[in-house]
Each structure stands twice: as C-alpha cells, then as structure tokens.
Amino acid sequence: MSDDATDEWVPISYPIPKHWEHGTFDECFGTLPTSGFKIRQKDYSQSGRYPVIDQGADFIGGYTDDKTKVFDLSEPVLVFGDHTKCFKFVTTAFAPGADGIHILTPRGHDAKYLYHLYHSLRLPDRGYSRHFSFLKRSKFPIAPLNEQRRIVEKIENLFAELDKGEESLRVAKAQAVLYRQSLLKHAFEGHLTADWRATNPDKLEDPETLLARIQKERDARYKQALDDWEAAVSTWRNEGEEGRKPVKPKRPREFDTSLEDIEITLCELPHGWFWQRLGLCTIGVEYGTSTRSDEIGKVPVIRMGNLQNGRIDWSDLVYTSSANDIAKYSLRRGDVLFNRTNSPELVGKTAFFVGDREALFAGYLIRVNQIEAIALGKYVMFFLNSIIAKSHGNMVKTDGVNQSNINGNKLQEYPFPYCSPKEQAEIVDRLEAKLSNLDALVAEIDTQIKHSKALRQSILKRAFSGKLVPQDPTDEPAAKLLERIMAERTAAHSPKAKRRKKANA
C-alpha cells in the first residue's frame with residue numbers, strides 16, 4: 001500500500017457533547033512489544049495450556065504450552081489484526097500469533113469502551129495490506145470516564161438482546177437447512193411420490209424396460225453426434241480444409257454396473273426404481289474454461305461462487321470476450337453445473353442453468369451433459385445437492401490444503417436413483433413447491449439478521465455521539481482525563497523514569 005493511498009483517507013469525526021473530546025491514538029492506547037513472543041502458525045497446537053490469539057476471524061487461532069511466549073495480563077488488552085482489521089478483547093494469559101498483530105493497552109480508559117468504539121469506526125478496506133496506520137490516524141470520541149462505563153453497560157445490555165434474537169434466527173435457519181436435506185432424502189428414497197405411483201401405475205416402467213430405453217437413448221445420441229460430425233467434416237473439406245478438422249465424438253463411456261465399490265449404504269428403492277451410475281444419463285461431462293477472466297467483457301463467466309442453492313447467483317461476475325471460449329463453453333438452457341473444486345464443505349454443490357441470459361462456465365465447474373429423455377436436469381441437480389450425494393462425495397473426494405476435488409470420472413461414477421421421467425417430473429414439481437416456501441423463509445431470516453447487524457451499528461453511532469445515555473454534569477470532563485493521561489505518559493518517558501526502570505530490570 002502506498003503512502004498516497006493512505007493520504008486519500010480522511011477519518012470520520014462524530015459530533016460530540018460539550019464535555020467530550022476527540023482523542024488521538026496515543027491518548028487512547030499504549031502498545032506492548034511482541035518481539036520474542038510471537039508464535040508462527042505452523043507451530044500452533046490443536047490443544048494446550050495457553051490460547052494463541054492472532055489476526056484470524058476465530059477468536060483463538062490455536063494453542064501452546066510454551067510459557068515463555070505468553071503474556072500474563074494484569075488488565076485487559078486489545079489485539080488488532082493489521083491485515084484483517086479484526087479487533088479482539090482479551091482478558092486471559094495468551095501467546096500472540098506471529099503475523100500482523102498489535103497488542104494495545106487502554107491508557108486510563110475503560111477497555112470495553114475502546115473495544116466498542118473501534119467497531120463504530122470505518123477504517124478503509126485495503127484487502128491484505130496493512131491497516132494499522134489508519135487506526136493510528138483515527139479520531140476517537142472520548143466521554144468522561146464514568147460515562148464510558150455507563151455507555152458500555154447500555155451497549156452490552158442492548159447487544160445481549162440482539163444476541164438472543166440472532167441466535168433464534170440462526171437456529172431457525174439451521175432447522176431450515178436440515179428440513180431441506182430431509183426433504184431431498186425423502187424424495188430420492190421414493191417416499192415423496194409414493195401416493196403418485198399408487199394412482200399412476202400406467203406411467204411407471206419396470207427396471208429392465210427403463211434400462212433398455214436408457215441404452216437406446218445413449219446410442220441414438222451418439223449416432224446423432226457422429227452424423228453431425230460427418231456433416232461438419234464434409235463442410236470443412238468443401239471450404240478448403242481451413243482451420244482445424246472437426247473432432248470425432250467419443251463413444252459414450254461404459255460403466256461397472258455392479259456398484260460394489262460404493263462405500264455408502266444405498267437404501268432400497270421402490271418398484272420401478274434402481275440404483276446405477278450417474279454417467280449412464282450423460283453423453284460425457286465437460287470442464288469449463290481455464291482462460292483468465294476480466295472485470296469487463298462480452299459474456300459473464302460463471303464461477304463456483306455463483307452456484308447458490310441450486311441456482312445461478314448473478315452477483316460478483318467476471319467476464320470474457322474470447323470468441324473461442326464463447327463458442328466452446330457457452331451454457332445451454334437446462335445445463336447442470338457441478339462444483340468440482342472447493343472447500344471440503346462446499347465441493348460438489350450443483351446448480352441448474354435456466355437460460356435467462358448468456359454465460360460461460362469456468363474450469364472449476366463441470367457440465368454434466370445429462371440426456372433429458374433419461375434424467376431431467378433439475379432432478380439431477382436436486383439429487384447432487386442431497387445428503388446422499390454429499391455422503392458419497394465425501395468418500396471419493398481428494399483432499400488438498402483447504403481444498404477438495406471430485407473429478408469428472410468420479411462424478412460419472414456416482415450412484416444415481418433412476419426412475420421414469422414422468423415420476424422425475426412429479427418429484428421436481430413437488431420439491432420446487434416445497435423448497436420455494438423454504439427459500440422464502442430463509443431469505444426473510446437473512447434479512448432479519450442483516451437488520452440486526454445494522455441496528456448494532458446504529459446503537460454504536462448513538463453511543464459515540466453522546467446520544468445513548470444521558471450526560472452527568474458532575475462527571476469529570478474528558479479534557480481533564482486526557483490531560484492526566486498525557487501527563488502520566490510524559491512522566492513515564494522521562495529520563496528519570498527510564499533510569500529507574502533500567503535499575504529495576
């Protein structure tokens with residue numbers, strides 16, 4: 001980060017009451033030296049006597065038993081993450097993480113007041129660049145010390161009520177997620193449409209007939225691909241063999257139908273259903289483009305972050321203008337996209353492309369290329385998002401550093417519950433009806449959580465502009481408090497104090 005970037009930022013200054021003051025960083029905080037104390041992340045333990053506090057989002061980054069690295073606290077301190085802007089209130093002995101933290105002590109102020117005050121500031125976001133210089137340049141609205149304590153008490157009472165409400169919302173959201181998975185499991189075990197089968201026996205197929213039709217559909221699709229290729233080759237020759245010769249399509253892959261290698265327990269399916277490989281309903285899977293995308297371009301490129309709850313999220317897009325990529329990787333209405341590389345929790349999430357706008361798909365995604373006459377796209381999408389598919393994916397995924405992978409071959413070997421296309425359509429209709437109501441509920445929960453977070457900021461703004469609690473004219477003015485703090489700081493840095501400190505060392 002350049003000095004010019006720092007100079008562009010101007011700290012916000014709230015209007016404050018008469019007996020308040022705007023304090024500088026040095027009037028609010030002292031700093032503790034960390035040389036010789038910091039622990040590298042690779043040396044963290046999973047458990048131990050002392051917590052390691054670093055700049056990560058989690059309050060505790062790890063543990064250590066090395067007492068020589070530990071700060072024994074006589075008063076609370078505040079830990080600032082230089083890269084992350086995380087701000088932590090610490091009251092117990094701890095060891096500092098090695099990268100990018102500053103340990104701050106309150107200079108005569110209520111420590112919790114400074115902690116909450118920090119969260120009302122609006123430091124700029126410079127990504128993984130450093131932010132401590134912005135904190136040092138901030139203006140800190142300082143109330144009289146007694147009022148600081150009243151403000152802290154009021155904030156924490158109000159936040160406790162918000163905590164209860166947000167916890168209830170999170171519980172409701174977790175229950176919605178569980179219900180969603182329960183519903184999908186119910187559907188792909190055949191229970192959701194048991195009544196439909198009972199009243200529509202003429203629309204069912206026995207497994208042998210269905211399997212024979214699947215093979216016929218795959219053969220027909222391959223023959224059509226060969227015919228299209230021959231026509232393309234003929235055109236290529238007639239036009240003087242310019243450009244690359246069209247590539248001959250591959251014969252559809254054959255699969256081991258025994259399912260003996262499947263490590264999860266597959267439930268018994270109803271009459272007319274059977275388990276078989278997912279690849280039987282495809283003409284072969286495809287990986288997306290590996291070409292670097294740009295912030296602007298002709299066509300958006302769908303990435304793994306754009307796959308949300310079975311749909312395409314059109315926010316946070318990147319683009320391409322590559323004619324070759326647009327020709328090769330453009331999405332078609334009804335395409336199913338599978339996320340082959342992501343965190344262990346998210347790898348395998350799948351979305352259905354409704355074709356509402358032009359788009360390509362990126363290399364961390366796989367296009368399933370299902371044959372609609374065998375397996376409806378939404379049926380495939382719902383199954384791949386079910387706990388059954390997730391459980392199998394956990395068995396076959398390859399794990400790396402914070403990433404897991406499920407390649408195209410493993411995807412095609414997934415167990416898949418085949419049933420008649422008419423029953424698939426019924427399952428899709430019923431799932432969409434039930435899940436649309438559930439999605440609306442989750443969206444409302446998310447809105448309420450955002451509202452609660454906004455209310456916290458409103459409370460902090462009122463608190464640090466002197467509007468949350470009444471002022472007491474008998475309180476010592478903040479100016480006196482700051483004068484005393486700076487006098488103590490000056491005395492502590494005097495030559496005499498330094499000689500005394502050296503003699504006592």
# chains A, B, ... in the order shown; residues from 1 in each chain; ligands from 1

$ select_by_dssp --residues "stretch 166-352 of chain A" --states "strand (DSSP E or B)" --output "MDAnalysis selection string"
chainID A and resid 274:277 282 286:287 289 294 299:302 307:308 311:312 318:320 330 336:339 341:342 350:352

$ write_last_selection --atoms "C-alpha atoms" --output "PDB file, in the first residue's frame"
ATOM      1  CA  PHE A 274     -32.982 -48.760  -9.459  1.00  0.00           C
ATOM      2  CA  TRP A 275     -29.519 -47.527  -8.498  1.00  0.00           C
ATOM      3  CA  GLN A 276     -26.989 -47.136 -11.294  1.00  0.00           C
ATOM      4  CA  ARG A 277     -24.114 -44.862 -12.286  1.00  0.00           C
ATOM      5  CA  THR A 282     -24.936 -38.358 -19.756  1.00  0.00           C
ATOM      6  CA  GLU A 286     -17.076 -31.299 -19.629  1.00  0.00           C
ATOM      7  CA  TYR A 287     -14.773 -28.976 -17.694  1.00  0.00           C
ATOM      8  CA  THR A 289     -12.775 -22.616 -19.462  1.00  0.00           C
ATOM      9  CA  ASP A 294     -11.651  -9.959 -16.664  1.00  0.00           C
ATOM     10  CA  VAL A 299     -20.115 -12.535 -21.681  1.00  0.00           C
ATOM     11  CA  PRO A 300     -20.143 -13.373 -17.935  1.00  0.00           C
ATOM     12  CA  VAL A 301     -18.234 -16.436 -16.716  1.00  0.00           C
ATOM     13  CA  ILE A 302     -19.994 -18.436 -14.007  1.00  0.00           C
ATOM     14  CA  LEU A 307     -23.627 -21.537  -7.585  1.00  0.00           C
ATOM     15  CA  GLN A 308     -26.039 -20.934  -4.697  1.00  0.00           C
ATOM     16  CA  ARG A 311     -29.433 -21.586  -8.796  1.00  0.00           C
ATOM     17  CA  ILE A 312     -27.091 -19.170 -10.528  1.00  0.00           C
ATOM     18  CA  VAL A 318     -16.285 -11.761 -14.191  1.00  0.00           C
ATOM     19  CA  TYR A 319     -16.318 -11.690 -17.998  1.00  0.00           C
ATOM     20  CA  THR A 320     -14.644 -12.855 -21.198  1.00  0.00           C
ATOM     21  CA  SER A 330     -21.443 -21.211 -23.586  1.00  0.00           C
ATOM     22  CA  VAL A 336     -26.395 -28.753 -14.790  1.00  0.00           C
ATOM     23  CA  LEU A 337     -23.146 -27.395 -13.281  1.00  0.00           C
ATOM     24  CA  PHE A 338     -21.204 -29.298 -10.617  1.00  0.00           C
ATOM     25  CA  ASN A 339     -18.539 -27.595  -8.481  1.00  0.00           C
ATOM     26  CA  THR A 341     -13.089 -27.954  -6.530  1.00  0.00           C
ATOM     27  CA  ASN A 342     -13.902 -26.057  -3.358  1.00  0.00           C
ATOM     28  CA  THR A 350     -24.653 -28.051  -8.008  1.00  0.00           C
ATOM     29  CA  ALA A 351     -26.835 -25.543  -9.866  1.00  0.00           C
ATOM     30  CA  PHE A 352     -29.315 -25.594 -12.771  1.00  0.00           C
TER      31      PHE A 352
END

$ closest_residue --among "A:Lys328, A:Lys216, A:Gly272, A:Val401" --to "A:Pro252" --atoms "only C-alpha atoms"
A:Lys216

$ closest_residue --among "A:Met381, A:Leu441, A:Cys419, A:Ile214" --to "A:Leu169" --atoms "only C-alpha atoms"
A:Leu441

$ residues_around --residues "stretch 132-145 of chain A" --least-positions-apart "4" --cutoff "8 Å" --atoms "only C-alpha atoms" --output "ChimeraX atom specification"
/A:6,9,11-14,16,19-26,28,80,82,109-110,117,123-124,149,464-466,475-478,481

$ residues_around --residues "A:Arg49" --least-positions-apart "4" --cutoff "9 Å" --atoms "only C-alpha atoms" --output "ChimeraX atom specification"
/A:63-67

$ residues_around --residues "A:Arg150" --least-positions-apart "2" --cutoff "12 Å" --atoms "only C-alpha atoms" --output "PyMOL selection string"
chain A and resi 110+112-113+143-148+152-157+463-464+466-472+475

$ select_by_dssp --residues "stretch 231-476 of chain A" --states "alpha helix (DSSP H)" --output "PyMOL selection string"
chain A and resi 231-238+323-329+377-384+387-396+408-412+421-463

$ residues_around --residues "A:Pro249" --least-positions-apart "6" --cutoff "10 Å" --atoms "only C-alpha atoms" --output "PyMOL selection string"
chain A and resi 222-223+225-229+283

$ closest_residue --among "A:Ala95, A:Val77, A:Ala198, A:Ala327" --to "A:Ile39" --atoms "only C-alpha atoms"
A:Ala95

$ closest_residue --among "A:Gly297, A:Gly334, A:Gly243, A:Gly30" --to "A:Ser321" --atoms "only C-alpha atoms"
A:Gly297

$ atom_distance --atom1 "atom CA of A:Ser404" --atom2 "atom CA of A:His392"
13.5 Å

$ atom_distance --atom1 "atom CA of A:Ala389" --atom2 "atom CA of A:Leu317"
27.9 Å

$ atom_distance --atom1 "atom CA of A:Thr92" --atom2 "atom CA of A:Phe37"
15.6 Å

$ closest_residue --among "A:Leu158, A:Leu184, A:Ile103, A:Leu121" --to "A:Ile387" --atoms "only C-alpha atoms"
A:Leu184

$ closest_residue --among "A:Gly305, A:Gly240, A:Gly108, A:Gly377" --to "A:Glu488" --atoms "only C-alpha atoms"
A:Gly108

$ closest_atom_pairs --of "stretch 348-455 of chain A" --to "stretch 257-260 of chain A" --cutoff "12 Å" --atoms "only C-alpha atoms" --output "tab-separated table"
residue	atom	partner	partner_atom	distance
A:Glu413	CA	A:Leu259	CA	8.8
A:Tyr414	CA	A:Leu259	CA	9.2
A:Pro415	CA	A:Leu259	CA	7.5
A:Phe416	CA	A:Leu259	CA	10.4

$ write_last_selection --atoms "all heavy atoms" --output "PDB file, in the first residue's frame"
ATOM      1  N   GLU A 413     -19.295 -41.729 -11.890  1.00  0.00           N
ATOM      2  CA  GLU A 413     -19.442 -42.997 -11.175  1.00  0.00           C
ATOM      3  C   GLU A 413     -20.316 -42.879  -9.925  1.00  0.00           C
ATOM      4  O   GLU A 413     -20.516 -43.863  -9.207  1.00  0.00           O
ATOM      5  CB  GLU A 413     -18.060 -43.526 -10.795  1.00  0.00           C
ATOM      6  CG  GLU A 413     -17.251 -43.953 -12.015  1.00  0.00           C
ATOM      7  CD  GLU A 413     -15.779 -44.167 -11.709  1.00  0.00           C
ATOM      8  OE1 GLU A 413     -15.381 -43.927 -10.542  1.00  0.00           O
ATOM      9  OE2 GLU A 413     -15.041 -44.555 -12.623  1.00  0.00           O
ATOM     10  N   TYR A 414     -20.874 -41.690  -9.668  1.00  0.00           N
ATOM     11  CA  TYR A 414     -21.797 -41.533  -8.538  1.00  0.00           C
ATOM     12  C   TYR A 414     -22.964 -42.519  -8.670  1.00  0.00           C
ATOM     13  O   TYR A 414     -23.467 -42.761  -9.779  1.00  0.00           O
ATOM     14  CB  TYR A 414     -22.384 -40.127  -8.536  1.00  0.00           C
ATOM     15  CG  TYR A 414     -21.661 -39.113  -7.677  1.00  0.00           C
ATOM     16  CD1 TYR A 414     -20.284 -38.934  -7.773  1.00  0.00           C
ATOM     17  CD2 TYR A 414     -22.354 -38.304  -6.796  1.00  0.00           C
ATOM     18  CE1 TYR A 414     -19.633 -37.977  -6.999  1.00  0.00           C
ATOM     19  CE2 TYR A 414     -21.713 -37.343  -6.014  1.00  0.00           C
ATOM     20  CZ  TYR A 414     -20.355 -37.186  -6.121  1.00  0.00           C
ATOM     21  OH  TYR A 414     -19.718 -36.249  -5.364  1.00  0.00           O
ATOM     22  N   PRO A 415     -23.435 -43.059  -7.547  1.00  0.00           N
ATOM     23  CA  PRO A 415     -24.701 -43.806  -7.607  1.00  0.00           C
ATOM     24  C   PRO A 415     -25.839 -42.821  -7.861  1.00  0.00           C
ATOM     25  O   PRO A 415     -25.818 -41.688  -7.365  1.00  0.00           O
ATOM     26  CB  PRO A 415     -24.800 -44.429  -6.214  1.00  0.00           C
ATOM     27  CG  PRO A 415     -24.027 -43.495  -5.330  1.00  0.00           C
ATOM     28  CD  PRO A 415     -22.896 -42.974  -6.172  1.00  0.00           C
ATOM     29  N   PHE A 416     -26.823 -43.246  -8.642  1.00  0.00           N
ATOM     30  CA  PHE A 416     -27.902 -42.336  -9.037  1.00  0.00           C
ATOM     31  C   PHE A 416     -29.213 -43.108  -9.075  1.00  0.00           C
ATOM     32  O   PHE A 416     -29.276 -44.211  -9.642  1.00  0.00           O
ATOM     33  CB  PHE A 416     -27.587 -41.745 -10.417  1.00  0.00           C
ATOM     34  CG  PHE A 416     -28.565 -40.703 -10.885  1.00  0.00           C
ATOM     35  CD1 PHE A 416     -28.594 -39.441 -10.315  1.00  0.00           C
ATOM     36  CD2 PHE A 416     -29.469 -40.987 -11.901  1.00  0.00           C
ATOM     37  CE1 PHE A 416     -29.485 -38.473 -10.755  1.00  0.00           C
ATOM     38  CE2 PHE A 416     -30.370 -40.029 -12.346  1.00  0.00           C
ATOM     39  CZ  PHE A 416     -30.380 -38.772 -11.769  1.00  0.00           C
TER      40      PHE A 416
END

$ decode --residues "stretch 376-408 of chain A" --atoms "N, CA, C and O atoms" --output "mmCIF file, in the first residue's frame"
data_model
loop_
_atom_site.group_PDB
_atom_site.id
_atom_site.type_symbol
_atom_site.label_atom_id
_atom_site.label_comp_id
_atom_site.auth_asym_id
_atom_site.auth_seq_id
_atom_site.Cartn_x
_atom_site.Cartn_y
_atom_site.Cartn_z
ATOM 1 N N LEU A 376 -34.039 -35.721 -16.042
ATOM 2 C CA LEU A 376 -34.305 -34.286 -16.115
ATOM 3 C C LEU A 376 -33.211 -33.513 -15.387
ATOM 4 O O LEU A 376 -32.752 -33.917 -14.313
ATOM 5 N N GLY A 377 -32.838 -32.368 -15.952
ATOM 6 C CA GLY A 377 -31.755 -31.582 -15.371
ATOM 7 C C GLY A 377 -32.005 -31.213 -13.919
ATOM 8 O O GLY A 377 -31.105 -31.297 -13.076
ATOM 9 N N LYS A 378 -33.208 -30.784 -13.602
ATOM 10 C CA LYS A 378 -33.495 -30.382 -12.222
ATOM 11 C C LYS A 378 -33.505 -31.586 -11.285
ATOM 12 O O LYS A 378 -33.149 -31.468 -10.100
ATOM 13 N N TYR A 379 -33.892 -32.747 -11.801
ATOM 14 C CA TYR A 379 -33.851 -33.964 -10.999
ATOM 15 C C TYR A 379 -32.390 -34.276 -10.642
ATOM 16 O O TYR A 379 -32.074 -34.592 -9.489
ATOM 17 N N VAL A 380 -31.501 -34.167 -11.634
ATOM 18 C CA VAL A 380 -30.073 -34.395 -11.403
ATOM 19 C C VAL A 380 -29.527 -33.372 -10.402
ATOM 20 O O VAL A 380 -28.799 -33.710 -9.468
ATOM 21 N N MET A 381 -29.893 -32.098 -10.593
ATOM 22 C CA MET A 381 -29.403 -31.037 -9.711
ATOM 23 C C MET A 381 -29.835 -31.274 -8.271
ATOM 24 O O MET A 381 -29.027 -31.197 -7.339
ATOM 25 N N PHE A 382 -31.121 -31.578 -8.071
ATOM 26 C CA PHE A 382 -31.602 -31.805 -6.712
ATOM 27 C C PHE A 382 -30.887 -32.998 -6.076
ATOM 28 O O PHE A 382 -30.516 -32.949 -4.895
ATOM 29 N N PHE A 383 -30.672 -34.058 -6.846
ATOM 30 C CA PHE A 383 -30.003 -35.224 -6.272
ATOM 31 C C PHE A 383 -28.569 -34.901 -5.874
ATOM 32 O O PHE A 383 -28.122 -35.265 -4.771
ATOM 33 N N LEU A 384 -27.828 -34.214 -6.732
ATOM 34 C CA LEU A 384 -26.431 -33.915 -6.430
ATOM 35 C C LEU A 384 -26.283 -32.975 -5.239
ATOM 36 O O LEU A 384 -25.215 -32.897 -4.638
ATOM 37 N N ASN A 385 -27.351 -32.260 -4.893
ATOM 38 C CA ASN A 385 -27.337 -31.417 -3.700
ATOM 39 C C ASN A 385 -27.879 -32.130 -2.465
ATOM 40 O O ASN A 385 -27.967 -31.522 -1.394
ATOM 41 N N SER A 386 -28.231 -33.393 -2.595
ATOM 42 C CA SER A 386 -28.822 -34.127 -1.471
ATOM 43 C C SER A 386 -27.742 -34.701 -0.567
ATOM 44 O O SER A 386 -26.570 -34.817 -0.941
ATOM 45 N N ILE A 387 -28.141 -35.078 0.635
ATOM 46 C CA ILE A 387 -27.207 -35.644 1.602
ATOM 47 C C ILE A 387 -26.678 -36.990 1.114
ATOM 48 O O ILE A 387 -25.558 -37.397 1.449
ATOM 49 N N ILE A 388 -27.445 -37.695 0.279
ATOM 50 C CA ILE A 388 -26.994 -38.974 -0.265
ATOM 51 C C ILE A 388 -25.775 -38.748 -1.149
ATOM 52 O O ILE A 388 -24.736 -39.409 -1.000
ATOM 53 N N ALA A 389 -25.895 -37.797 -2.100
ATOM 54 C CA ALA A 389 -24.771 -37.494 -2.984
ATOM 55 C C ALA A 389 -23.607 -36.895 -2.213
ATOM 56 O O ALA A 389 -22.438 -37.193 -2.480
ATOM 57 N N LYS A 390 -23.901 -36.030 -1.234
ATOM 58 C CA LYS A 390 -22.842 -35.418 -0.430
ATOM 59 C C LYS A 390 -22.068 -36.486 0.334
ATOM 60 O O LYS A 390 -20.823 -36.425 0.413
ATOM 61 N N SER A 391 -22.750 -37.457 0.881
ATOM 62 C CA SER A 391 -22.089 -38.528 1.634
ATOM 63 C C SER A 391 -21.159 -39.325 0.730
ATOM 64 O O SER A 391 -20.029 -39.660 1.113
ATOM 65 N N HIS A 392 -21.626 -39.622 -0.486
ATOM 66 C CA HIS A 392 -20.758 -40.340 -1.420
ATOM 67 C C HIS A 392 -19.571 -39.466 -1.826
ATOM 68 O O HIS A 392 -18.431 -39.940 -1.896
ATOM 69 N N GLY A 393 -19.830 -38.184 -2.079
ATOM 70 C CA GLY A 393 -18.747 -37.278 -2.446
ATOM 71 C C GLY A 393 -17.666 -37.205 -1.390
ATOM 72 O O GLY A 393 -16.473 -37.130 -1.708
ATOM 73 N N ASN A 394 -18.060 -37.236 -0.113
ATOM 74 C CA ASN A 394 -17.081 -37.213 0.973
ATOM 75 C C ASN A 394 -16.180 -38.446 0.956
ATOM 76 O O ASN A 394 -15.042 -38.392 1.426
ATOM 77 N N MET A 395 -16.706 -39.542 0.398
ATOM 78 C CA MET A 395 -15.918 -40.769 0.325
ATOM 79 C C MET A 395 -14.910 -40.752 -0.819
ATOM 80 O O MET A 395 -13.829 -41.343 -0.714
ATOM 81 N N VAL A 396 -15.238 -40.082 -1.909
ATOM 82 C CA VAL A 396 -14.399 -40.170 -3.111
ATOM 83 C C VAL A 396 -13.582 -38.912 -3.387
ATOM 84 O O VAL A 396 -12.717 -38.919 -4.263
ATOM 85 N N LYS A 397 -13.835 -37.830 -2.664
ATOM 86 C CA LYS A 397 -13.111 -36.583 -2.927
ATOM 87 C C LYS A 397 -11.633 -36.730 -2.575
ATOM 88 O O LYS A 397 -11.249 -37.526 -1.715
ATOM 89 N N THR A 398 -10.807 -35.969 -3.268
ATOM 90 C CA THR A 398 -9.379 -35.889 -2.981
ATOM 91 C C THR A 398 -9.127 -34.596 -2.225
ATOM 92 O O THR A 398 -9.535 -33.523 -2.676
ATOM 93 N N ASP A 399 -8.464 -34.680 -1.083
ATOM 94 C CA ASP A 399 -8.265 -33.508 -0.238
ATOM 95 C C ASP A 399 -6.870 -32.938 -0.399
ATOM 96 O O ASP A 399 -5.873 -33.670 -0.410
ATOM 97 N N GLY A 400 -6.819 -31.588 -0.533
ATOM 98 C CA GLY A 400 -5.558 -30.854 -0.535
ATOM 99 C C GLY A 400 -5.582 -29.842 0.588
ATOM 100 O O GLY A 400 -6.352 -29.965 1.533
ATOM 101 N N VAL A 401 -4.747 -28.812 0.495
ATOM 102 C CA VAL A 401 -4.694 -27.768 1.517
ATOM 103 C C VAL A 401 -5.926 -26.877 1.374
ATOM 104 O O VAL A 401 -6.039 -26.100 0.436
ATOM 105 N N ASN A 402 -6.870 -27.024 2.307
ATOM 106 C CA ASN A 402 -8.114 -26.239 2.342
ATOM 107 C C ASN A 402 -8.989 -26.436 1.105
ATOM 108 O O ASN A 402 -9.928 -25.667 0.888
ATOM 109 N N GLN A 403 -8.684 -27.417 0.269
ATOM 110 C CA GLN A 403 -9.447 -27.645 -0.957
ATOM 111 C C GLN A 403 -9.707 -29.134 -1.125
ATOM 112 O O GLN A 403 -8.891 -29.969 -0.752
ATOM 113 N N SER A 404 -10.855 -29.445 -1.697
ATOM 114 C CA SER A 404 -11.161 -30.822 -2.061
ATOM 115 C C SER A 404 -11.529 -30.858 -3.537
ATOM 116 O O SER A 404 -11.955 -29.854 -4.100
ATOM 117 N N ASN A 405 -11.369 -32.020 -4.141
ATOM 118 C CA ASN A 405 -11.637 -32.152 -5.569
ATOM 119 C C ASN A 405 -12.391 -33.440 -5.860
ATOM 120 O O ASN A 405 -12.105 -34.484 -5.270
ATOM 121 N N ILE A 406 -13.361 -33.338 -6.769
ATOM 122 C CA ILE A 406 -14.065 -34.515 -7.292
ATOM 123 C C ILE A 406 -14.023 -34.378 -8.808
ATOM 124 O O ILE A 406 -14.682 -33.495 -9.372
ATOM 125 N N ASN A 407 -13.247 -35.200 -9.486
ATOM 126 C CA ASN A 407 -13.078 -35.024 -10.924
ATOM 127 C C ASN A 407 -14.248 -35.601 -11.721
ATOM 128 O O ASN A 407 -15.169 -36.222 -11.169
ATOM 129 N N GLY A 408 -14.203 -35.385 -13.035
ATOM 130 C CA GLY A 408 -15.309 -35.787 -13.890
ATOM 131 C C GLY A 408 -15.553 -37.285 -13.904
ATOM 132 O O GLY A 408 -16.704 -37.734 -13.977
#
